[in-house]
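Peer 1: Dumping the structure here so I can ask a few things about it.
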Protein chains: 2
Amino acid sequence: MPRATGTKRAILDATLELAATKGITGTTMDEVAERAGVAKGSLYYNFASKDRLFEELLQEGVGALADTLREARAGLHGRAALEALIRALLDGIASNTALAKLMAAEIFRTDRTWQKTLFALRHEALTVFAEAIAEVEPGSRRDGTCGLMASSVFGAVLLSGLEWLVFDPERHRDEVAAAILDSFSGGLLGD
Amino acid sequence: MPRATGTKRAILDATLELAATKGITGTTMDEVAERAGVAKGSLYYNFASKDRLFEELLQEGVGALADTLREARAGLHGRAALEALIRALLDGIASNTALAKLMAAEIFRTDRTWQKTLFALRHEALTVFAEAIAEVEPGSRRDGTCGLMASSVFGAVLLSGLEWLVFDPERHRDEVAAAILDSFSGGLLGD
DNA sequence: GTCTATATCCAGATAGAC
DNA sequence: GTCTATCTGGATATAGAC
């Protein structure tokens, strides 16, 4: 399925770029219209409200990320699967940094009208990690610890990925991936 | 130094609580005044502008966090120091969840008037981790990898800490700390 | 399906009494 | 030092022409 073109696509793209730097509340419908090259009336023809526009944007973006993670894990098992997930998430953050920034800013907000939607998507993405972790450490499935460790790994990749892309972009991707993998390989705290 | 009381203190407290759920841009000066129990005019007597109010809030909060981390590391070395830092950060997040949410939402914003201030404070906190990591893995100091690993550890604690406090608060603190430490102990990817 | 023009409300900030 | 009252710009959303 090719990315749809046309007005709706242009609006979503403009919205994402603006929201990544100005935040959702700080992005105005006037700015979105201007950057998308359409009139404000067209925004409200294509989306019922500002809230609905952002809900669709997050749904599309985080949904695609979850798909990417599932594909990255497909066919792999054990530590190879987890390593592939970490690399895939880092790549996803690099190729859609705007979405990653938005996720970091929105993931713990509980007052949004789209809260349920985002919660479900977040859960979907984290579950891919949790499943892979449960396979490596079977004991963690029983007490739900694999979910916590999934957050831990996800948070490590998200924050170091954004640290790299936002504040230290000259660094090479492989260096960043190596540092993340290194930090989970037991050199820091392991025996 | 006891926390100052009085109007300024009440305003800062009200601001933090509101911003943790509604975000900075979504928090209005009228709401701050109402929750603090003062008139809007008093806000502008005590702070030059909304931006300055939030800058002082972040300065106070993140500055205190950096102090806490430095104290936690004092006198310790090697893996014991890093483990103490992880526990101290998790405790800090638990005892000031509002600030942690605010940090997660603001840390990668680059359009704020207080950008330089927040960048410096973030750097201060991360450096404490980076120093401890460089002590454990001396080779990482040369190429700056310790900075990346510091982000990795910091991100792991921040996200799993907030995951716990926001979405799964019945869980016990020690369980969360154990899961984080476990994820860095080599069980997931180690040899 | 997209535009322009406008209605309506609410935000940050200030003036000046007490 | 804190209050009330108010100014002014800008925000979401809608109406209706094309």
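Chain identifiers are assigned as A, B, and so on, following the order in which chains appear in the structure tokens; residues are numbered from 1 within each chain, and ligands are numbered from 1 in order of appearance.
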Residues of chain D within 8 Å of chain B, counting only C-alpha atoms (C1' of nucleotides) - could you list those as a PyMOL selection string?

Peer 2: chain D and resi 1-3

Peer 1: Working over all C-alpha atoms in order, superimpose chain B onto chain A by least squares and state the RMSD in Å.

Peer 2: 0.1 Å

Peer 1: Wanna dump the stretch 37-152 of chain A-stretch 8-18 of chain A contacts at 8 Å for me, each residue with its shortest atom pair and the distance in Å to one decimal, counting only C-alpha atoms, ordered by chain and number, as JSON lines?

Peer 2:
```
{"residue": "A:Gly37", "atom": "CA", "partner": "A:Ala10", "partner_atom": "CA", "distance": 7.9}
{"residue": "A:Leu43", "atom": "CA", "partner": "A:Ile11", "partner_atom": "CA", "distance": 7.2}
{"residue": "A:Asn46", "atom": "CA", "partner": "A:Lys8", "partner_atom": "CA", "distance": 6.5}
{"residue": "A:Leu53", "atom": "CA", "partner": "A:Leu12", "partner_atom": "CA", "distance": 7.7}
{"residue": "A:Phe54", "atom": "CA", "partner": "A:Thr15", "partner_atom": "CA", "distance": 7.8}
{"residue": "A:Leu57", "atom": "CA", "partner": "A:Leu12", "partner_atom": "CA", "distance": 6.3}
{"residue": "A:Ala98", "atom": "CA", "partner": "A:Glu17", "partner_atom": "CA", "distance": 6.2}
{"residue": "A:Leu99", "atom": "CA", "partner": "A:Leu16", "partner_atom": "CA", "distance": 6.9}
```

Peer 1: Can you write out the residues you just picked, keeping N, CA and C atoms, as a PDB file, in the first residue's frame?

Peer 2:
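result27.pdb written:
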```
ATOM      1  N   GLY A  37       0.166  24.006   2.426  1.00  0.00           N
ATOM      2  CA  GLY A  37      -0.195  24.663   1.174  1.00  0.00           C
ATOM      3  C   GLY A  37      -1.672  24.561   0.840  1.00  0.00           C
ATOM      4  N   LEU A  43      -8.588  21.853   6.060  1.00  0.00           N
ATOM      5  CA  LEU A  43      -8.243  21.068   7.240  1.00  0.00           C
ATOM      6  C   LEU A  43      -9.512  20.500   7.865  1.00  0.00           C
ATOM      7  N   ASN A  46     -11.224  17.726   5.903  1.00  0.00           N
ATOM      8  CA  ASN A  46     -10.572  16.413   5.962  1.00  0.00           C
ATOM      9  C   ASN A  46     -10.491  15.823   7.381  1.00  0.00           C
ATOM     10  N   LEU A  53      -7.318  15.281  14.076  1.00  0.00           N
ATOM     11  CA  LEU A  53      -6.155  15.316  13.186  1.00  0.00           C
ATOM     12  C   LEU A  53      -4.950  14.678  13.858  1.00  0.00           C
ATOM     13  N   PHE A  54      -4.690  15.058  15.102  1.00  0.00           N
ATOM     14  CA  PHE A  54      -3.524  14.512  15.793  1.00  0.00           C
ATOM     15  C   PHE A  54      -3.737  13.045  16.157  1.00  0.00           C
ATOM     16  N   LEU A  57      -2.877  11.149  13.118  1.00  0.00           N
ATOM     17  CA  LEU A  57      -1.432  11.209  12.891  1.00  0.00           C
ATOM     18  C   LEU A  57      -0.700  10.201  13.775  1.00  0.00           C
ATOM     19  N   ALA A  98      10.778  12.923  13.755  1.00  0.00           N
ATOM     20  CA  ALA A  98       9.671  13.765  14.196  1.00  0.00           C
ATOM     21  C   ALA A  98       8.668  12.955  15.008  1.00  0.00           C
ATOM     22  N   LEU A  99       8.347  11.775  14.524  1.00  0.00           N
ATOM     23  CA  LEU A  99       7.412  10.930  15.267  1.00  0.00           C
ATOM     24  C   LEU A  99       7.988  10.518  16.617  1.00  0.00           C
TER      25      LEU A  99
END
```

Peer 1: Which one is closest to chain B: A:Ala88, A:Ala177, A:Ala104, A:Leu65? Count only C-alpha atoms.

Peer 2: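 Result for the nearest residue to chain B: A:Ala104.
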
Peer 1: Per residue of stretch 5-73 of chain A within 12 Å of stretch 147-171 of chain A, note the shortest atom pair and the distance in Å to one decimal, counting only C-alpha atoms, and order the rows by chain and increasing residue number, as JSON lines.

Peer 2:
```
{"residue": "A:Ala20", "atom": "CA", "partner": "A:Val166", "partner_atom": "CA", "distance": 11.3}
{"residue": "A:Thr21", "atom": "CA", "partner": "A:Val166", "partner_atom": "CA", "distance": 10.8}
{"residue": "A:Leu69", "atom": "CA", "partner": "A:Phe154", "partner_atom": "CA", "distance": 11.5}
```

Peer 1: May I have the residues from that selection written out with all heavy atoms, as a compact mmCIF listing (two decimals), in the first residue's frame?

Peer 2:
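Writing done, so here's again00.txt:
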```
# COMPACT_ATOMS: atom_id res chain seq x y z
N ALA A 20 6.61 18.21 15.80
CA ALA A 20 7.87 17.69 16.33
C ALA A 20 8.68 18.80 17.01
O ALA A 20 9.39 18.53 17.97
CB ALA A 20 8.69 17.05 15.22
N THR A 21 8.60 20.00 16.51
CA THR A 21 9.38 21.07 17.14
C THR A 21 8.54 21.95 18.07
O THR A 21 9.03 22.35 19.12
CB THR A 21 10.06 21.97 16.10
OG1 THR A 21 9.07 22.46 15.18
CG2 THR A 21 11.09 21.20 15.31
N LEU A 69 8.37 -3.23 13.95
CA LEU A 69 8.97 -4.07 14.99
C LEU A 69 8.57 -5.54 14.83
O LEU A 69 9.41 -6.43 14.94
CB LEU A 69 8.55 -3.55 16.38
CG LEU A 69 9.06 -2.15 16.76
CD1 LEU A 69 8.53 -1.74 18.12
CD2 LEU A 69 10.59 -2.12 16.75
```

Peer 1: What residues in chain C have any atom no more than 9 Å from chain B when counting only C-alpha atoms (C1' of nucleotides), and can you write them as a list of chain:residue names?

Peer 2: C:DA11, C:DG12, C:DA13, C:DT14

Peer 1: For chain B, which residue out of A:Ile180, A:Ala134, A:Val128, A:Ala84 is the nearest one, using only C-alpha atoms?

Peer 2: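 The closest residue to chain B is A:Ile180.
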
Peer 1: Compare B:Phe129, B:Phe47, B:Phe184, B:Phe119 by their minimum atom-to-atom distance to chain A, counting only C-alpha atoms, and give me the closest one.

Peer 2: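 Of the candidates, the smallest distance to chain A is held by B:Phe184.
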
Peer 1: Name the residues of stretch 34-171 of chain B that fall into helix (DSSP H, G or I) according to DSSP on the backbone, using the chain letters and numbers of this document, as a PyMOL selection string.

Peer 2: chain B and resi 34-36+40-46+50-73+78-95+97-106+115-136+139-142+145-167

Peer 1: When you draw a straight line from atom CA of A:Asn96 to atom CA of A:Arg109, how long is it in Å?

Peer 2: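 That distance, rounded to one decimal, is 20.9 Å.
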
Peer 1: Kindly give the distance, in Å, that separates atom CA of B:Arg142 and atom CA of B:Arg122, rounded to a single decimal.

Peer 2: 21.2 Å
